[in-house]
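Report on the following structure.
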Amino acid sequence: MSIHRFKGRAASLLLVSLMVPLQSQQPPAWKDPSPHITQFVTVDKNVRLEVLDWGGSGRPLVLLAGGGDTAHVFDDFALKLTPTFHVYGITRRGFGESGFSPEGYGADRLGDDVLAVLDSLKLIRPVLVGHSLGGEELSSLSTRHPSRVAALVYLEAGYPYAFENGKGPTMKEFQDLKNVRPPAPPPSESDLASFHALQQYCLRNLAFTYPEAELRQQFTTTPEGRVGKERDFPGNATMLEGMKKYTDIPVPALVIFALPHRLGKWVDDSPDPKVHEAAKAYSAGDRVLTTRQAKAFEDGVPTAHVIRLRDADHYVYLSNEADVLREMKSFLSTLR
């Protein structure tokens with residue numbers, strides 16, 4: 001797994017090609033088992049965002065997915081938060097069922113989208129929780145409208161798109177490092193026989209898996225129920241446009257880094273020594289950059305609570321759910 005895979009899903013899944021469907025009876029229509037209510041909120045001309053509402057009691061908490069993902073990636077995690085919070089999730093423009101317009105696309109436009117959802121739902125000082133690129137929206141909104149949010153939680157989201165004061169690495173350094181990362185093995189035809197099979201493929205290779213609803217957002221389904229082509233979302237081409245340098249976070253913030261990152265179980269299981277050599281080189285560089293970024297955030301925002309979780313995946317809330325929930329509970333219990 002790439003720690004800065006802005007498409008936001010297992011790199012190996014990007015290699016999926018259209019497989020020849022098996023001759024079988026068409027399966028019944030799949031229904032999302034997650035107990036959320038779906039609504040659409042207009043945030044811009046001809047742009048509506050998908051908003052999921054899992055319900056719950058207490059202060060509102062809004063989940064923002066990483067780049068390329070939809071709010072459905074939180075289907076399981078959200079339910080662990082509903083005993084204490086009323087939990088929502090937003091699918092970013094240009095992805096999933098949300099609308100798209102390339103005009104004015106950028107960090108503050110994405111932050112304004114989140115603000116428009118808060119206004120529409122009349123959410124008073126919610127907690128915002130962002131994964132990966134979602135940290136950009138957290139920083140954009142909180143720096144311009146600090147009174148609108150109670151706190152921020154950066155889940156592997158405190159990278160230069162969310163905080164850069166010249167003391168840490170640049171985004172280009174992280175992107176360049178991806179060139180030495182070994183590619184994960186692609187799923188086989190049997191792994192693509194169903195979305196359940198694809199989940200098991202992820203579990204074997206990563207030691208965690210994604211909600212089925214999220215995989216169904218990312219890939220088409222063949223008439224026979226197999227995993228089809230990867231969806232090409234329009235937001236992919238513009239996702240990193242309009243980045244800004246945020247040098248201060250003026251609201252309470254919990255910042256969780258995976259340090260060092262876990263590449264995936266597939267690396268340990270690989271019989272190829274070249275894979276291990278590449279993984280070692282990548283991990284060494286990644287450790288240096290992430291260590292610098294975590295320290296830059298910690299020193300630059302003394303009020304932030306920076307946590308380093310050892311051997312966690314970039315999808316830290318999936319790979320280390322209990323650790324993340326523990327840190328969030330401790331941090332959020334101090335809010336007024």
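Letters A, B, ... mark the chains of the structure tokens in the order given; residue numbers begin at 1 per chain; ligand numbers begin at 1, in order shown.
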
Near A:Asp75, counting only C-alpha atoms, which residues have an atom at most 10 Å away, once you skip same-chain residues fewer than 2 positions from it, shown as an mmCIF file with all heavy atoms, in the first residue's frame?
```cif
data_model
loop_
_atom_site.group_PDB
_atom_site.id
_atom_site.type_symbol
_atom_site.label_atom_id
_atom_site.label_comp_id
_atom_site.auth_asym_id
_atom_site.auth_seq_id
_atom_site.Cartn_x
_atom_site.Cartn_y
_atom_site.Cartn_z
ATOM 1 N N ASP A 32 -26.895 -2.395 0.026
ATOM 2 C CA ASP A 32 -25.914 -1.922 1.007
ATOM 3 C C ASP A 32 -26.448 -2.197 2.416
ATOM 4 O O ASP A 32 -27.493 -1.680 2.804
ATOM 5 C CB ASP A 32 -25.689 -0.420 0.811
ATOM 6 C CG ASP A 32 -24.537 0.105 1.647
ATOM 7 O OD1 ASP A 32 -24.098 -0.581 2.575
ATOM 8 O OD2 ASP A 32 -24.080 1.234 1.366
ATOM 9 N N PRO A 33 -25.730 -2.998 3.215
ATOM 10 C CA PRO A 33 -26.223 -3.333 4.552
ATOM 11 C C PRO A 33 -25.970 -2.252 5.595
ATOM 12 O O PRO A 33 -26.500 -2.322 6.703
ATOM 13 C CB PRO A 33 -25.433 -4.606 4.901
ATOM 14 C CG PRO A 33 -24.134 -4.422 4.189
ATOM 15 C CD PRO A 33 -24.479 -3.723 2.892
ATOM 16 N N SER A 34 -25.160 -1.246 5.242
ATOM 17 C CA SER A 34 -24.840 -0.216 6.230
ATOM 18 C C SER A 34 -26.090 0.595 6.580
ATOM 19 O O SER A 34 -26.825 1.029 5.684
ATOM 20 C CB SER A 34 -23.764 0.720 5.686
ATOM 21 O OG SER A 34 -23.373 1.663 6.668
ATOM 22 N N PRO A 35 -26.344 0.826 7.862
ATOM 23 C CA PRO A 35 -27.581 1.506 8.284
ATOM 24 C C PRO A 35 -27.507 3.016 8.174
ATOM 25 O O PRO A 35 -27.766 3.739 9.135
ATOM 26 C CB PRO A 35 -27.720 1.063 9.739
ATOM 27 C CG PRO A 35 -26.313 0.917 10.217
ATOM 28 C CD PRO A 35 -25.548 0.373 9.028
ATOM 29 N N HIS A 36 -27.132 3.508 7.025
ATOM 30 C CA HIS A 36 -27.068 4.958 6.851
ATOM 31 C C HIS A 36 -28.208 5.438 5.961
ATOM 32 O O HIS A 36 -28.776 4.693 5.166
ATOM 33 C CB HIS A 36 -25.727 5.392 6.255
ATOM 34 C CG HIS A 36 -25.344 4.685 4.981
ATOM 35 N ND1 HIS A 36 -26.123 4.695 3.842
ATOM 36 C CD2 HIS A 36 -24.263 3.935 4.676
ATOM 37 C CE1 HIS A 36 -25.533 4.002 2.898
ATOM 38 N NE2 HIS A 36 -24.408 3.517 3.375
ATOM 39 N N LEU A 52 -23.783 10.778 3.739
ATOM 40 C CA LEU A 52 -24.308 9.626 4.463
ATOM 41 C C LEU A 52 -24.528 10.004 5.927
ATOM 42 O O LEU A 52 -23.717 10.705 6.518
ATOM 43 C CB LEU A 52 -23.328 8.445 4.384
ATOM 44 C CG LEU A 52 -22.904 7.991 2.984
ATOM 45 C CD1 LEU A 52 -21.996 6.772 3.081
ATOM 46 C CD2 LEU A 52 -24.113 7.694 2.111
ATOM 47 N N TRP A 54 -25.230 8.141 9.472
ATOM 48 C CA TRP A 54 -25.329 6.883 10.225
ATOM 49 C C TRP A 54 -26.100 7.044 11.532
ATOM 50 O O TRP A 54 -26.263 6.077 12.265
ATOM 51 C CB TRP A 54 -23.934 6.352 10.533
ATOM 52 C CG TRP A 54 -23.230 5.743 9.366
ATOM 53 C CD1 TRP A 54 -23.352 4.470 8.896
ATOM 54 C CD2 TRP A 54 -22.273 6.373 8.513
ATOM 55 N NE1 TRP A 54 -22.543 4.271 7.808
ATOM 56 C CE2 TRP A 54 -21.865 5.417 7.547
ATOM 57 C CE3 TRP A 54 -21.709 7.645 8.458
ATOM 58 C CZ2 TRP A 54 -20.927 5.707 6.557
ATOM 59 C CZ3 TRP A 54 -20.783 7.930 7.475
ATOM 60 C CH2 TRP A 54 -20.399 6.972 6.534
ATOM 61 N N ALA A 71 -17.517 8.238 0.827
ATOM 62 C CA ALA A 71 -17.873 8.145 2.247
ATOM 63 C C ALA A 71 -18.171 6.715 2.673
ATOM 64 O O ALA A 71 -18.115 6.389 3.865
ATOM 65 C CB ALA A 71 -19.079 9.048 2.531
ATOM 66 N N HIS A 72 -18.454 5.828 1.706
ATOM 67 C CA HIS A 72 -18.765 4.440 2.042
ATOM 68 C C HIS A 72 -17.565 3.701 2.623
ATOM 69 O O HIS A 72 -17.728 2.640 3.231
ATOM 70 C CB HIS A 72 -19.277 3.708 0.804
ATOM 71 C CG HIS A 72 -20.577 4.240 0.299
ATOM 72 N ND1 HIS A 72 -21.802 3.787 0.751
ATOM 73 C CD2 HIS A 72 -20.855 5.208 -0.607
ATOM 74 C CE1 HIS A 72 -22.767 4.448 0.139
ATOM 75 N NE2 HIS A 72 -22.226 5.319 -0.687
ATOM 76 N N VAL A 73 -16.370 4.249 2.473
ATOM 77 C CA VAL A 73 -15.192 3.603 3.033
ATOM 78 C C VAL A 73 -15.267 3.593 4.562
ATOM 79 O O VAL A 73 -14.577 2.808 5.226
ATOM 80 C CB VAL A 73 -13.905 4.313 2.542
ATOM 81 C CG1 VAL A 73 -13.692 5.635 3.266
ATOM 82 C CG2 VAL A 73 -12.690 3.398 2.678
ATOM 83 N N PHE A 77 -16.336 1.707 10.233
ATOM 84 C CA PHE A 77 -15.743 2.566 11.245
ATOM 85 C C PHE A 77 -16.771 3.515 11.859
ATOM 86 O O PHE A 77 -16.762 3.760 13.073
ATOM 87 C CB PHE A 77 -14.593 3.358 10.621
ATOM 88 C CG PHE A 77 -13.816 4.213 11.581
ATOM 89 C CD1 PHE A 77 -13.029 3.632 12.559
ATOM 90 C CD2 PHE A 77 -13.862 5.597 11.492
ATOM 91 C CE1 PHE A 77 -12.298 4.415 13.442
ATOM 92 C CE2 PHE A 77 -13.132 6.387 12.361
ATOM 93 C CZ PHE A 77 -12.347 5.794 13.341
ATOM 94 N N ALA A 78 -17.662 4.042 11.037
ATOM 95 C CA ALA A 78 -18.648 5.013 11.521
ATOM 96 C C ALA A 78 -19.508 4.444 12.641
ATOM 97 O O ALA A 78 -19.871 5.153 13.595
ATOM 98 C CB ALA A 78 -19.535 5.477 10.363
ATOM 99 N N LEU A 79 -19.836 3.168 12.537
ATOM 100 C CA LEU A 79 -20.721 2.553 13.534
ATOM 101 C C LEU A 79 -20.067 2.462 14.909
ATOM 102 O O LEU A 79 -20.765 2.344 15.920
ATOM 103 C CB LEU A 79 -21.155 1.167 13.056
ATOM 104 C CG LEU A 79 -21.944 1.152 11.748
ATOM 105 C CD1 LEU A 79 -22.353 -0.273 11.393
ATOM 106 C CD2 LEU A 79 -23.173 2.047 11.838
ATOM 107 N N LYS A 80 -18.739 2.507 14.955
ATOM 108 C CA LYS A 80 -18.043 2.480 16.245
ATOM 109 C C LYS A 80 -18.100 3.848 16.934
ATOM 110 O O LYS A 80 -17.747 3.962 18.111
ATOM 111 C CB LYS A 80 -16.585 2.065 16.035
ATOM 112 C CG LYS A 80 -16.410 0.771 15.250
ATOM 113 C CD LYS A 80 -17.046 -0.408 15.970
ATOM 114 C CE LYS A 80 -17.038 -1.666 15.115
ATOM 115 N NZ LYS A 80 -15.720 -2.065 14.634
ATOM 116 N N GLY A 89 -20.951 11.360 6.807
ATOM 117 C CA GLY A 89 -19.820 11.212 5.902
ATOM 118 C C GLY A 89 -20.107 11.933 4.605
ATOM 119 O O GLY A 89 -21.250 11.945 4.128
ATOM 120 N N TYR A 210 -11.635 -3.672 2.928
ATOM 121 C CA TYR A 210 -12.482 -2.498 2.768
ATOM 122 C C TYR A 210 -13.946 -2.904 2.805
ATOM 123 O O TYR A 210 -14.298 -4.026 2.412
ATOM 124 C CB TYR A 210 -12.188 -1.810 1.426
ATOM 125 C CG TYR A 210 -10.747 -1.411 1.258
ATOM 126 C CD1 TYR A 210 -9.829 -2.280 0.666
ATOM 127 C CD2 TYR A 210 -10.298 -0.176 1.694
ATOM 128 C CE1 TYR A 210 -8.498 -1.926 0.513
ATOM 129 C CE2 TYR A 210 -8.970 0.194 1.538
ATOM 130 C CZ TYR A 210 -8.073 -0.689 0.956
ATOM 131 O OH TYR A 210 -6.756 -0.338 0.813
ATOM 132 N N PRO A 211 -14.837 -2.010 3.234
ATOM 133 C CA PRO A 211 -16.266 -2.322 3.165
ATOM 134 C C PRO A 211 -16.677 -2.659 1.737
ATOM 135 O O PRO A 211 -16.194 -2.045 0.780
ATOM 136 C CB PRO A 211 -16.940 -1.034 3.657
ATOM 137 C CG PRO A 211 -15.897 -0.348 4.494
ATOM 138 C CD PRO A 211 -14.588 -0.678 3.834
ATOM 139 N N GLU A 212 -17.559 -3.611 1.591
ATOM 140 C CA GLU A 212 -17.969 -4.015 0.250
ATOM 141 C C GLU A 212 -18.583 -2.854 -0.520
ATOM 142 O O GLU A 212 -18.380 -2.721 -1.734
ATOM 143 C CB GLU A 212 -18.956 -5.181 0.324
ATOM 144 C CG GLU A 212 -19.378 -5.688 -1.040
ATOM 145 C CD GLU A 212 -20.179 -6.972 -0.999
ATOM 146 O OE1 GLU A 212 -20.210 -7.618 0.070
ATOM 147 O OE2 GLU A 212 -20.781 -7.325 -2.034
ATOM 148 N N ALA A 213 -19.332 -2.004 0.179
ATOM 149 C CA ALA A 213 -19.955 -0.869 -0.508
ATOM 150 C C ALA A 213 -18.909 0.043 -1.138
ATOM 151 O O ALA A 213 -19.130 0.608 -2.215
ATOM 152 C CB ALA A 213 -20.832 -0.082 0.461
ATOM 153 N N GLU A 214 -17.749 0.197 -0.484
ATOM 154 C CA GLU A 214 -16.707 1.043 -1.048
ATOM 155 C C GLU A 214 -16.099 0.396 -2.286
ATOM 156 O O GLU A 214 -15.859 1.073 -3.299
ATOM 157 C CB GLU A 214 -15.611 1.320 -0.018
ATOM 158 C CG GLU A 214 -14.466 2.177 -0.539
ATOM 159 C CD GLU A 214 -14.891 3.559 -0.983
ATOM 160 O OE1 GLU A 214 -15.973 4.040 -0.572
ATOM 161 O OE2 GLU A 214 -14.133 4.192 -1.754
#
```

Per residue of stretch 218-282 of chain A within 6 Å of stretch 158-177 of chain A, record the nearest atom pair and its distance in Å to one decimal, counting only C-alpha atoms, with rows in chain order and ascending residue number, as a Markdown table.
```
| residue | atom | partner | partner_atom | distance |
| --- | --- | --- | --- | --- |
| A:Lys245 | CA | A:Glu164 | CA | 5.4 |
| A:Tyr246 | CA | A:Phe163 | CA | 4.9 |
| A:Thr247 | CA | A:Asn165 | CA | 4.9 |
```

Include N, CA, C and O atoms and write out the residues we just selected as a short mmCIF file (atom, residue, chain, number, x, y, z; two decimals), in the first residue's frame.
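File selection18.cif, as written:
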```cif
data_model
loop_
_atom_site.label_atom_id
_atom_site.label_comp_id
_atom_site.auth_asym_id
_atom_site.auth_seq_id
_atom_site.Cartn_x
_atom_site.Cartn_y
_atom_site.Cartn_z
N LYS A 245 -0.47 26.16 1.16
CA LYS A 245 0.40 25.87 2.29
C LYS A 245 -0.24 26.38 3.57
O LYS A 245 -0.37 27.60 3.75
N TYR A 246 -0.65 25.46 4.40
CA TYR A 246 -1.24 25.83 5.69
C TYR A 246 -0.15 25.76 6.74
O TYR A 246 0.51 24.73 6.91
N THR A 247 0.07 26.86 7.44
CA THR A 247 1.17 26.95 8.39
C THR A 247 0.72 27.02 9.84
O THR A 247 1.56 27.07 10.74
#
```

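Taking only C-alpha atoms into account, A:Tyr201 lies nearest to A:Lys265 out of the set A:Ser147, A:Lys265, A:Ser120, A:Phe297.
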
Residues of stretch 67-146 of chain A within 8 Å of stretch 228-240 of chain A: nearest atom pair and distance (Å, one decimal) for each, counting only C-alpha atoms, sorted by chain and number, as JSON lines?
```
{"residue": "A:Gly67", "atom": "CA", "partner": "A:Met239", "partner_atom": "CA", "distance": 7.2}
{"residue": "A:Gly68", "atom": "CA", "partner": "A:Asn236", "partner_atom": "CA", "distance": 6.8}
{"residue": "A:Arg93", "atom": "CA", "partner": "A:Gly235", "partner_atom": "CA", "distance": 6.9}
{"residue": "A:Gly94", "atom": "CA", "partner": "A:Gly235", "partner_atom": "CA", "distance": 4.0}
{"residue": "A:Phe95", "atom": "CA", "partner": "A:Phe233", "partner_atom": "CA", "distance": 5.4}
{"residue": "A:Gly96", "atom": "CA", "partner": "A:Phe233", "partner_atom": "CA", "distance": 7.2}
{"residue": "A:Phe100", "atom": "CA", "partner": "A:Pro234", "partner_atom": "CA", "distance": 7.2}
{"residue": "A:Pro102", "atom": "CA", "partner": "A:Thr238", "partner_atom": "CA", "distance": 7.3}
{"residue": "A:Tyr105", "atom": "CA", "partner": "A:Thr238", "partner_atom": "CA", "distance": 7.1}
{"residue": "A:Gly106", "atom": "CA", "partner": "A:Leu240", "partner_atom": "CA", "distance": 7.4}
```

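Nearest to A:Ser101 of all the residues A:Asn46, A:Ser142, A:Thr70, A:Ser194 is A:Asn46, based on only C-alpha atoms.
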
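Among the candidates A:Arg109, A:Gly264, A:Leu325, A:Val227, the residue lying nearest to A:Val129 is A:Leu325 (atoms considered: only C-alpha atoms).
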
Based on DSSP run over this structure's backbone, return all residues of stretch 99-267 of chain A in helix (DSSP H, G or I), as a ChimeraX atom specification.
-> /A:107-121,134-144,146-148,171-180,190-192,195-206,212-218,234-237,265-267

Which parts of stretch 21-156 of chain A does DSSP call strand (DSSP E or B) when run on the backbone here, written out as a VMD selection string?
-> chain A and resid 37 to 44 47 to 55 60 to 64 86 to 90 127 to 131 151 to 155

Near-A:Leu206 list (12 Å; only C-alpha atoms; drop same-chain fewer than 2 positions) as number ranges by chain = A: 1-2, 9-13, 184-185, 198-204, 208-210, 262-269, 311-316, 318-320

Between atom CA of A:Gly66 and atom CA of A:Ser270, measure the distance and give it in Å to one decimal.
->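 Interatomic distance here is 27.9 Å.
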
All residues 7 Å or closer to A:Arg125, only C-alpha atoms, same chain fewer than 4 positions away omitted, as a short mmCIF file (atom, residue, chain, number, x, y, z; two decimals) with all heavy atoms, in the first residue's frame:
```cif
data_model
loop_
_atom_site.label_atom_id
_atom_site.label_comp_id
_atom_site.auth_asym_id
_atom_site.auth_seq_id
_atom_site.Cartn_x
_atom_site.Cartn_y
_atom_site.Cartn_z
N ARG A 148 -16.32 27.51 13.29
CA ARG A 148 -17.34 26.59 12.78
C ARG A 148 -17.10 25.13 13.17
O ARG A 148 -17.96 24.29 12.95
CB ARG A 148 -17.42 26.69 11.24
CG ARG A 148 -17.87 28.05 10.73
CD ARG A 148 -19.26 28.42 11.26
NE ARG A 148 -20.22 27.38 10.95
CZ ARG A 148 -20.90 27.29 9.81
NH1 ARG A 148 -20.68 28.18 8.85
NH2 ARG A 148 -21.78 26.33 9.63
N VAL A 149 -15.92 24.83 13.70
CA VAL A 149 -15.62 23.43 14.06
C VAL A 149 -15.11 23.37 15.49
O VAL A 149 -14.47 24.30 15.99
CB VAL A 149 -14.58 22.81 13.10
CG1 VAL A 149 -15.14 22.72 11.69
CG2 VAL A 149 -13.28 23.59 13.11
N ALA A 150 -15.40 22.24 16.14
CA ALA A 150 -14.96 22.05 17.53
C ALA A 150 -13.56 21.48 17.60
O ALA A 150 -12.78 21.82 18.50
CB ALA A 150 -15.93 21.13 18.26
#
```

Using only C-alpha atoms, what table do you get, as a tab-separated table, when you list each residue of stretch 139-221 of chain A with an atom no more than 10 Å from stretch 57-65 of chain A, its nearest pair of atoms, and their distance in Å rounded to one decimal, rows by chain then rising number?
```
residue	atom	partner	partner_atom	distance
A:Val149	CA	A:Leu61	CA	9.8
A:Ala150	CA	A:Arg59	CA	9.4
A:Ala151	CA	A:Leu61	CA	9.5
A:Leu152	CA	A:Leu61	CA	9.7
A:Val153	CA	A:Leu63	CA	9.4
A:Tyr154	CA	A:Leu64	CA	9.9
A:Leu155	CA	A:Ala65	CA	9.8
```

For stretch 284-287 of chain A, list every protein, DNA or RNA residue within 10 Å, evaluated using only C-alpha atoms, and leave out those in the same chain fewer than 3 positions away; present the list as a tab-separated table (two decimals) with all heavy atoms, in the first residue's frame.
```tsv
chain	number	residue	atom	x	y	z
A	2	SER	N	0.63	2.16	-0.90
A	2	SER	CA	1.37	3.41	-0.94
A	2	SER	C	0.83	4.35	0.12
A	2	SER	O	-0.38	4.50	0.27
A	2	SER	CB	1.22	4.06	-2.32
A	2	SER	OG	1.70	5.37	-2.29
A	3	ILE	N	1.70	5.02	0.87
A	3	ILE	CA	1.22	5.91	1.91
A	3	ILE	C	0.65	7.20	1.33
A	3	ILE	O	-0.05	7.93	2.02
A	3	ILE	CB	2.32	6.26	2.93
A	3	ILE	CG1	3.40	7.12	2.29
A	3	ILE	CG2	2.91	5.02	3.52
A	3	ILE	CD1	4.30	7.78	3.28
A	173	GLU	N	8.65	15.39	-2.58
A	173	GLU	CA	9.51	14.35	-2.01
A	173	GLU	C	8.73	13.07	-1.74
A	173	GLU	O	9.22	11.97	-2.00
A	173	GLU	CB	10.18	14.86	-0.73
A	173	GLU	CG	11.24	15.92	-0.95
A	173	GLU	CD	11.85	16.37	0.35
A	173	GLU	OE1	12.84	15.76	0.79
A	173	GLU	OE2	11.33	17.36	0.95
A	174	PHE	N	7.52	13.22	-1.22
A	174	PHE	CA	6.69	12.04	-0.98
A	174	PHE	C	6.29	11.39	-2.30
A	174	PHE	O	6.29	10.16	-2.42
A	174	PHE	CB	5.43	12.43	-0.20
A	174	PHE	CG	5.65	12.57	1.28
A	174	PHE	CD1	5.64	13.82	1.89
A	174	PHE	CD2	5.87	11.45	2.07
A	174	PHE	CE1	5.83	13.95	3.25
A	174	PHE	CE2	6.07	11.58	3.44
A	174	PHE	CZ	6.05	12.82	4.04
A	177	LEU	N	9.15	9.44	-3.88
A	177	LEU	CA	9.45	8.21	-3.17
A	177	LEU	C	8.62	7.05	-3.69
A	177	LEU	O	9.05	5.88	-3.65
A	177	LEU	CB	9.22	8.40	-1.67
A	177	LEU	CG	9.55	7.20	-0.78
A	177	LEU	CD1	11.04	6.85	-0.85
A	177	LEU	CD2	9.15	7.48	0.67
A	178	LYS	N	7.44	7.35	-4.21
A	178	LYS	CA	6.57	6.28	-4.70
A	178	LYS	C	7.22	5.49	-5.84
A	178	LYS	O	6.86	4.34	-6.08
A	178	LYS	CB	5.23	6.85	-5.18
A	178	LYS	CG	4.36	7.40	-4.07
A	178	LYS	CD	2.92	7.58	-4.53
A	178	LYS	CE	2.79	8.42	-5.75
A	178	LYS	NZ	1.37	8.59	-6.17
A	180	VAL	N	10.04	4.13	-6.01
A	180	VAL	CA	10.85	2.98	-5.58
A	180	VAL	C	10.01	1.95	-4.83
A	180	VAL	O	10.52	0.92	-4.40
A	180	VAL	CB	12.03	3.42	-4.69
A	180	VAL	CG1	12.91	4.40	-5.43
A	180	VAL	CG2	11.54	4.02	-3.38
A	181	ARG	N	8.74	2.21	-4.69
A	181	ARG	CA	7.89	1.28	-3.96
A	181	ARG	C	7.55	0.07	-4.83
A	181	ARG	O	7.12	0.23	-5.97
A	181	ARG	CB	6.58	1.97	-3.54
A	181	ARG	CG	5.71	1.13	-2.64
A	181	ARG	CD	4.38	1.81	-2.39
A	181	ARG	NE	3.59	1.07	-1.45
A	181	ARG	CZ	2.90	-0.02	-1.73
A	181	ARG	NH1	2.92	-0.48	-2.96
A	181	ARG	NH2	2.21	-0.65	-0.82
A	258	ALA	N	1.03	7.01	10.82
A	258	ALA	CA	1.55	5.65	10.84
A	258	ALA	C	3.06	5.77	10.67
A	258	ALA	O	3.53	6.24	9.64
A	258	ALA	CB	0.94	4.82	9.72
A	259	LEU	N	3.80	5.37	11.69
A	259	LEU	CA	5.25	5.55	11.65
A	259	LEU	C	5.95	4.46	12.45
A	259	LEU	O	5.82	4.44	13.68
A	259	LEU	CB	5.62	6.93	12.20
A	259	LEU	CG	7.09	7.32	12.16
A	259	LEU	CD1	7.61	7.33	10.72
A	259	LEU	CD2	7.31	8.67	12.80
A	260	PRO	N	6.64	3.55	11.78
A	260	PRO	CA	6.75	3.43	10.33
A	260	PRO	C	5.49	2.83	9.70
A	260	PRO	O	4.70	2.19	10.40
A	260	PRO	CB	7.94	2.48	10.15
A	260	PRO	CG	7.89	1.61	11.37
A	260	PRO	CD	7.42	2.52	12.47
A	261	HIS	N	5.33	3.03	8.42
A	261	HIS	CA	4.19	2.46	7.72
A	261	HIS	C	4.38	0.97	7.47
A	261	HIS	O	5.51	0.52	7.26
A	261	HIS	CB	3.99	3.15	6.36
A	261	HIS	CG	3.40	4.51	6.46
A	261	HIS	ND1	4.17	5.64	6.60
A	261	HIS	CD2	2.12	4.92	6.45
A	261	HIS	CE1	3.38	6.70	6.66
A	261	HIS	NE2	2.13	6.30	6.56
A	278	ALA	N	13.41	-3.75	-2.61
A	278	ALA	CA	12.68	-2.52	-2.93
A	278	ALA	C	11.87	-2.04	-1.74
A	278	ALA	O	11.81	-0.83	-1.46
A	278	ALA	CB	11.77	-2.75	-4.14
A	279	ALA	N	11.25	-2.97	-1.03
A	279	ALA	CA	10.45	-2.61	0.14
A	279	ALA	C	11.33	-1.99	1.23
A	279	ALA	O	10.94	-1.02	1.89
A	279	ALA	CB	9.73	-3.83	0.68
A	280	LYS	N	12.53	-2.55	1.39
A	280	LYS	CA	13.45	-2.02	2.39
A	280	LYS	C	13.87	-0.60	2.04
A	280	LYS	O	13.91	0.29	2.91
A	280	LYS	CB	14.68	-2.93	2.49
A	280	LYS	CG	15.66	-2.51	3.58
A	280	LYS	CD	16.82	-3.50	3.67
A	280	LYS	CE	17.80	-3.09	4.75
A	280	LYS	NZ	18.94	-4.07	4.84
A	281	ALA	N	14.17	-0.37	0.76
A	281	ALA	CA	14.58	0.97	0.32
A	281	ALA	C	13.43	1.96	0.48
A	281	ALA	O	13.63	3.09	0.95
A	281	ALA	CB	15.04	0.92	-1.13
A	290	THR	N	8.37	10.74	6.78
A	290	THR	CA	7.23	10.80	7.70
A	290	THR	C	7.67	11.29	9.08
A	290	THR	O	6.95	12.04	9.75
A	290	THR	CB	6.55	9.43	7.81
A	290	THR	OG1	6.17	8.99	6.50
A	290	THR	CG2	5.30	9.50	8.67
A	291	THR	N	8.87	10.89	9.52
A	291	THR	CA	9.40	11.37	10.79
A	291	THR	C	9.57	12.89	10.76
A	291	THR	O	9.19	13.59	11.71
A	291	THR	CB	10.74	10.70	11.10
A	291	THR	OG1	10.55	9.29	11.26
A	291	THR	CG2	11.35	11.26	12.38
A	292	ARG	N	10.09	13.39	9.65
A	292	ARG	CA	10.26	14.84	9.51
A	292	ARG	C	8.92	15.56	9.50
A	292	ARG	O	8.76	16.62	10.13
A	292	ARG	CB	11.02	15.15	8.22
A	292	ARG	CG	12.51	14.81	8.26
A	292	ARG	CD	13.13	14.97	6.88
A	292	ARG	NE	12.89	16.30	6.33
A	292	ARG	CZ	13.03	16.60	5.03
A	292	ARG	NH1	13.37	15.65	4.16
A	292	ARG	NH2	12.79	17.83	4.60
A	293	GLN	N	7.93	14.99	8.79
A	293	GLN	CA	6.63	15.64	8.71
A	293	GLN	C	5.93	15.66	10.06
A	293	GLN	O	5.33	16.67	10.45
A	293	GLN	CB	5.76	14.94	7.67
A	293	GLN	CG	4.39	15.58	7.48
A	293	GLN	CD	4.46	17.00	6.92
A	293	GLN	OE1	5.46	17.39	6.32
A	293	GLN	NE2	3.41	17.78	7.13
```
